[in-house]
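A.B. asks: Below: one structure in structure tokens.
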Amino acid sequence: QGYSGLYRDQFRMSRASLVSWERGFGEFEDEESPRKSRWPLPPFSPELCKVSDGKPSLPPPPWAQNFALETAPPVRLRMISSDMLCRRSMEVSWNGDSGERQHWSSWTDPLSGWFEAEKLLPASTTRITVTFQVRTVLQPLPVCKVDRRKECAWVLGNSKGEYPEEVIDLRGSMHNEEQPLDVVFELAGPASHCYVRRAWNAARFTEPEEWEFWEDEISRPVAEGPPEVLQAADRVAAPGSGAGDAVLY
């Protein structure tokens, strides 16, 4: 009885609640439809079930318990340059948490330069699109697409001799929405022939995608550690600490 009996009595009136209890806290058989839970029952501890004013105080529900020790690393996008033959900018668009489309340009970011830029996005960000522009005196020009596996040969877009813009889609489908992203794009060339020379996702745990190519393994980028501000926040309180408590969370 004890720990298990309290919960059996607490949720017996609602079958749905019984299922929620079963998934979160232990293993038991439903009298009407016997089945075993996939989760082992935690060892009984008096601290888990205290009695106050004659009523037992139950531990927090499963969704309020925190198991993560560190905040998930953010999406990191970096632009670097192998030369300084023209001014460049990185353009990033993505879907926010509420679904609205957002945009950022390194050209208007005071922390970014003409040849290097970095953008951090929340770990949950999806539908990310990255493009690049050459910043001339008259107007910005799109950086066109090349085949990095064929010595950066220009990709022909149509019969008129027009070249398509280099557009790199990240987390654009359901199967790769959880893929970690720490991507470096290296640009090269003058204003009229600027291109993405190399690109690599240092945080990837699957095979390289089509747009990735960095032939020299020695110089390949490595994944950066989490930002210091996230590390400091995790030392103060674990992610999700206080979830379910309107005062603490």
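Ordering of the structure tokens sets the chain letters (A, B, ...); residue numbers start at 1 within each chain; ligands are numbered from 1 in the order shown.
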If we count only C-alpha atoms and set the cut-off at 8 Å, which residues sit around Gln133 in chain A, ignoring sequence neighbours fewer than 4 positions away in its own chain? Please answer as a list in words.

C.D. replies: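 In the requested format, the answer is Arg88, Ser89, Met90, Glu91, Pro140, Leu141, Pro142 and Val143 of chain A.
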
A.B. asks: Give the strand (DSSP E or B) residues of range 57-186 of chain A, as DSSP finds them on the backbone, and put them as a ChimeraX atom specification.

C.D. replies: /A:57,75-81,88-95,101-105,117-121,126-135,140-142,144,146-147,153-154,165,168-170,182-186

A.B. asks: Between CA of Leu187 in chain A and CA of Met84 in chain A, what is the distance in Å, rounded to a tenth?

C.D. replies: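 It comes out at 9.5 Å.
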
A.B. asks: Find the spatial neighbours of range 170-184 of chain A, counting only C-alpha atoms, within a cut-off of 12 Å - ignore same-chain residues fewer than 3 positions away - and output them as a CSV table (one decimal) with N, CA, C and O atoms, in the first residue's frame.

C.D. replies:
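Result saved to around_23.csv:
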chain,number,residue,atom,x,y,z
A,72,ALA,N,19.3,23.1,-24.0
A,72,ALA,CA,19.7,22.7,-25.3
A,72,ALA,C,20.5,23.8,-26.0
A,72,ALA,O,20.2,25.0,-25.9
A,73,PRO,N,21.6,23.4,-26.7
A,73,PRO,CA,22.4,24.5,-27.4
A,73,PRO,C,21.6,25.2,-28.4
A,73,PRO,O,20.8,24.6,-29.1
A,74,PRO,N,21.9,26.5,-28.6
A,74,PRO,CA,21.1,27.2,-29.7
A,74,PRO,C,21.6,26.9,-31.1
A,74,PRO,O,22.7,26.2,-31.3
A,75,VAL,N,20.8,27.3,-32.0
A,75,VAL,CA,21.3,27.2,-33.4
A,75,VAL,C,22.3,28.3,-33.7
A,75,VAL,O,22.1,29.4,-33.3
A,76,ARG,N,23.5,27.9,-34.2
A,76,ARG,CA,24.5,28.8,-34.5
A,76,ARG,C,24.9,28.9,-35.9
A,76,ARG,O,25.2,27.8,-36.5
A,77,LEU,N,24.8,30.0,-36.6
A,77,LEU,CA,25.1,30.2,-38.0
A,77,LEU,C,26.2,31.2,-38.1
A,77,LEU,O,26.1,32.3,-37.5
A,78,ARG,N,27.3,30.9,-38.8
A,78,ARG,CA,28.5,31.7,-38.9
A,78,ARG,C,28.9,31.9,-40.4
A,78,ARG,O,28.9,31.0,-41.1
A,79,MET,N,29.2,33.2,-40.7
A,79,MET,CA,29.7,33.5,-42.0
A,79,MET,C,31.2,33.9,-41.8
A,79,MET,O,31.5,34.8,-41.0
A,80,ILE,N,32.1,33.3,-42.6
A,80,ILE,CA,33.5,33.7,-42.6
A,80,ILE,C,33.9,34.0,-44.0
A,80,ILE,O,33.2,33.7,-45.0
A,81,SER,N,35.1,34.6,-44.2
A,81,SER,CA,35.5,34.9,-45.6
A,81,SER,C,37.0,34.4,-45.8
A,81,SER,O,37.8,34.6,-44.8
A,90,MET,N,25.1,38.1,-44.5
A,90,MET,CA,24.4,36.9,-44.3
A,90,MET,C,22.9,37.2,-44.0
A,90,MET,O,22.7,38.0,-43.1
A,92,VAL,N,19.2,35.7,-42.9
A,92,VAL,CA,18.6,34.6,-42.2
A,92,VAL,C,17.1,34.8,-42.0
A,92,VAL,O,16.7,35.9,-41.5
A,93,SER,N,16.3,33.9,-42.4
A,93,SER,CA,14.9,33.9,-42.1
A,93,SER,C,14.5,32.6,-41.4
A,93,SER,O,15.1,31.5,-41.6
A,94,TRP,N,13.5,32.7,-40.5
A,94,TRP,CA,13.1,31.5,-39.8
A,94,TRP,C,11.7,31.7,-39.2
A,94,TRP,O,11.1,32.8,-39.2
A,95,ASN,N,11.1,30.6,-38.8
A,95,ASN,CA,9.8,30.6,-38.1
A,95,ASN,C,10.0,30.7,-36.6
A,95,ASN,O,10.7,29.9,-36.0
A,116,GLU,N,32.7,38.8,-41.6
A,116,GLU,CA,32.4,37.8,-40.6
A,116,GLU,C,31.1,38.2,-39.9
A,116,GLU,O,30.8,39.3,-39.7
A,117,ALA,N,30.3,37.2,-39.6
A,117,ALA,CA,29.0,37.4,-38.9
A,117,ALA,C,28.6,36.1,-38.2
A,117,ALA,O,29.0,35.0,-38.5
A,118,GLU,N,27.8,36.3,-37.1
A,118,GLU,CA,27.3,35.1,-36.4
A,118,GLU,C,25.9,35.4,-35.9
A,118,GLU,O,25.6,36.5,-35.4
A,119,LYS,N,25.0,34.4,-36.0
A,119,LYS,CA,23.6,34.6,-35.6
A,119,LYS,C,23.3,33.4,-34.7
A,119,LYS,O,23.5,32.2,-35.1
A,120,LEU,N,22.7,33.6,-33.5
A,120,LEU,CA,22.2,32.6,-32.6
A,120,LEU,C,20.7,32.6,-32.6
A,120,LEU,O,20.1,33.7,-32.5
A,121,LEU,N,20.1,31.4,-32.7
A,121,LEU,CA,18.7,31.3,-32.7
A,121,LEU,C,18.3,30.2,-31.6
A,121,LEU,O,19.1,29.4,-31.3
A,122,PRO,N,17.1,30.3,-31.1
A,122,PRO,CA,16.7,29.3,-30.1
A,122,PRO,C,16.8,27.9,-30.6
A,122,PRO,O,16.6,27.7,-31.8
A,123,ALA,N,17.0,26.9,-29.8
A,123,ALA,CA,17.2,25.5,-30.2
A,123,ALA,C,16.0,25.0,-30.9
A,123,ALA,O,16.1,24.1,-31.7
A,124,SER,N,14.8,25.5,-30.6
A,124,SER,CA,13.6,25.0,-31.2
A,124,SER,C,13.2,25.6,-32.6
A,124,SER,O,12.2,25.3,-33.2
A,125,THR,N,14.1,26.5,-33.1
A,125,THR,CA,13.8,27.2,-34.3
A,125,THR,C,13.7,26.2,-35.5
A,125,THR,O,14.6,25.3,-35.6
A,126,THR,N,12.8,26.4,-36.4
A,126,THR,CA,12.6,25.6,-37.6
A,126,THR,C,12.4,26.4,-38.8
A,126,THR,O,12.3,27.6,-38.7
A,127,ARG,N,12.4,25.7,-40.0
A,127,ARG,CA,12.2,26.4,-41.3
A,127,ARG,C,13.2,27.6,-41.5
A,127,ARG,O,12.8,28.7,-41.8
A,128,ILE,N,14.5,27.3,-41.3
A,128,ILE,CA,15.5,28.3,-41.4
A,128,ILE,C,16.0,28.4,-42.9
A,128,ILE,O,16.3,27.3,-43.5
A,129,THR,N,16.1,29.6,-43.4
A,129,THR,CA,16.7,29.8,-44.7
A,129,THR,C,17.8,30.8,-44.6
A,129,THR,O,17.7,31.8,-44.0
A,130,VAL,N,18.9,30.4,-45.3
A,130,VAL,CA,20.2,31.2,-45.2
A,130,VAL,C,20.5,31.6,-46.7
A,130,VAL,O,20.6,30.7,-47.5
A,131,THR,N,20.7,32.9,-46.9
A,131,THR,CA,21.2,33.4,-48.2
A,131,THR,C,22.3,34.4,-47.9
A,131,THR,O,22.5,34.8,-46.8
A,167,VAL,N,20.5,29.3,-51.9
A,167,VAL,CA,19.6,29.3,-50.8
A,167,VAL,C,19.8,28.0,-50.1
A,167,VAL,O,19.6,26.9,-50.6
A,187,LEU,N,32.8,32.3,-47.5
A,187,LEU,CA,32.6,32.9,-48.8
A,187,LEU,C,33.9,33.4,-49.4
A,187,LEU,O,34.9,33.6,-48.7
A,196,VAL,N,29.7,30.7,-52.2
A,196,VAL,CA,30.0,30.0,-50.9
A,196,VAL,C,31.0,28.9,-51.2
A,196,VAL,O,30.6,27.9,-51.8
A,197,ARG,N,32.2,29.1,-50.8
A,197,ARG,CA,33.3,28.2,-51.2
A,197,ARG,C,33.2,26.9,-50.4
A,197,ARG,O,33.4,25.8,-50.9
A,198,ARG,N,32.9,27.0,-49.1
A,198,ARG,CA,32.8,25.8,-48.2
A,198,ARG,C,31.7,26.0,-47.2
A,198,ARG,O,31.4,27.1,-46.8
A,199,ALA,N,31.1,24.9,-46.8
A,199,ALA,CA,30.0,24.9,-45.8
A,199,ALA,C,30.0,23.6,-45.0
A,199,ALA,O,30.2,22.6,-45.6
A,200,TRP,N,29.8,23.8,-43.7
A,200,TRP,CA,29.8,22.6,-42.8
A,200,TRP,C,29.0,22.8,-41.5
A,200,TRP,O,29.1,23.8,-40.9
A,201,ASN,N,28.3,21.7,-41.2
A,201,ASN,CA,27.5,21.7,-39.9
A,201,ASN,C,28.3,20.9,-38.9
A,201,ASN,O,28.4,19.6,-39.0
A,202,ALA,N,29.0,21.5,-38.0
A,202,ALA,CA,29.9,20.9,-37.1
A,202,ALA,C,29.2,20.1,-36.0
A,202,ALA,O,29.8,19.2,-35.3
A,203,ALA,N,27.9,20.4,-35.8
A,203,ALA,CA,27.1,19.7,-34.7
A,203,ALA,C,26.3,18.5,-35.3
A,203,ALA,O,25.7,17.8,-34.5
A,204,ARG,N,26.4,18.3,-36.5
A,204,ARG,CA,25.5,17.2,-37.2
A,204,ARG,C,25.9,15.8,-36.6
A,204,ARG,O,27.1,15.5,-36.4
A,205,PHE,N,24.9,15.0,-36.5
A,205,PHE,CA,25.2,13.6,-36.0
A,205,PHE,C,24.7,12.6,-37.1
A,205,PHE,O,24.7,11.4,-36.8
A,206,THR,N,24.4,13.1,-38.3
A,206,THR,CA,24.0,12.2,-39.4
A,206,THR,C,25.0,12.4,-40.6
A,206,THR,O,26.0,13.2,-40.4
A,207,GLU,N,24.7,11.8,-41.7
A,207,GLU,CA,25.5,12.1,-42.9
A,207,GLU,C,25.4,13.5,-43.4
A,207,GLU,O,24.3,14.1,-43.2
A,208,PRO,N,26.4,14.0,-44.0
A,208,PRO,CA,26.4,15.4,-44.5
A,208,PRO,C,25.2,15.6,-45.5
A,208,PRO,O,24.9,14.7,-46.3
A,209,GLU,N,24.6,16.8,-45.4
A,209,GLU,CA,23.6,17.1,-46.4
A,209,GLU,C,24.2,17.6,-47.7
A,209,GLU,O,25.4,17.8,-47.8
A,210,GLU,N,23.3,17.7,-48.7
A,210,GLU,CA,23.8,18.0,-50.1
A,210,GLU,C,24.6,19.3,-50.1
A,210,GLU,O,25.6,19.4,-50.9
A,211,TRP,N,24.2,20.3,-49.4
A,211,TRP,CA,24.9,21.6,-49.4
A,211,TRP,C,26.2,21.7,-48.7
A,211,TRP,O,27.0,22.6,-48.8
A,212,GLU,N,26.5,20.6,-47.9
A,212,GLU,CA,27.7,20.6,-47.1
A,212,GLU,C,28.9,20.1,-47.9
A,212,GLU,O,28.8,19.0,-48.5
A,213,PHE,N,30.0,20.7,-47.8
A,213,PHE,CA,31.3,20.2,-48.3
A,213,PHE,C,32.4,21.0,-47.8
A,213,PHE,O,32.5,22.2,-47.8
A,214,TRP,N,33.4,20.3,-47.1
A,214,TRP,CA,34.6,20.9,-46.6
A,214,TRP,C,35.6,19.8,-46.7
A,214,TRP,O,35.8,18.9,-45.8
A,219,SER,N,41.0,21.4,-41.3
A,219,SER,CA,40.5,22.8,-41.1
A,219,SER,C,39.0,22.8,-40.9
A,219,SER,O,38.4,23.9,-40.8
A,220,ARG,N,38.4,21.7,-40.9
A,220,ARG,CA,36.9,21.7,-40.7
A,220,ARG,C,36.5,22.3,-39.4
A,220,ARG,O,37.2,22.1,-38.3
A,221,PRO,N,35.5,23.1,-39.4
A,221,PRO,CA,35.0,23.7,-38.1
A,221,PRO,C,34.6,22.7,-37.1
A,221,PRO,O,34.1,21.6,-37.4
A,222,VAL,N,34.8,23.0,-35.8
A,222,VAL,CA,34.3,22.2,-34.7
A,222,VAL,C,33.2,22.9,-34.0
A,222,VAL,O,33.1,24.2,-34.1
A,223,ALA,N,32.3,22.2,-33.4
A,223,ALA,CA,31.1,22.8,-32.7
A,223,ALA,C,31.6,23.6,-31.5
A,223,ALA,O,32.5,23.2,-30.8
A,224,GLU,N,31.0,24.8,-31.4
A,224,GLU,CA,31.3,25.7,-30.3
A,224,GLU,C,30.5,25.2,-29.1
A,224,GLU,O,29.5,24.6,-29.2
A,225,GLY,N,31.1,25.5,-27.9
A,225,GLY,CA,30.4,25.2,-26.7
A,225,GLY,C,29.2,26.2,-26.5
A,225,GLY,O,29.0,27.2,-27.2
A,226,PRO,N,28.3,25.9,-25.6
A,226,PRO,CA,27.1,26.7,-25.3
A,226,PRO,C,27.6,28.1,-24.9
A,226,PRO,O,28.6,28.3,-24.2

A.B. asks: Give me, please, the distance in Å between CA of Lys145 in chain A and CA of Glu165 in chain A, quoted to one decimal.

C.D. replies: 5.3 Å
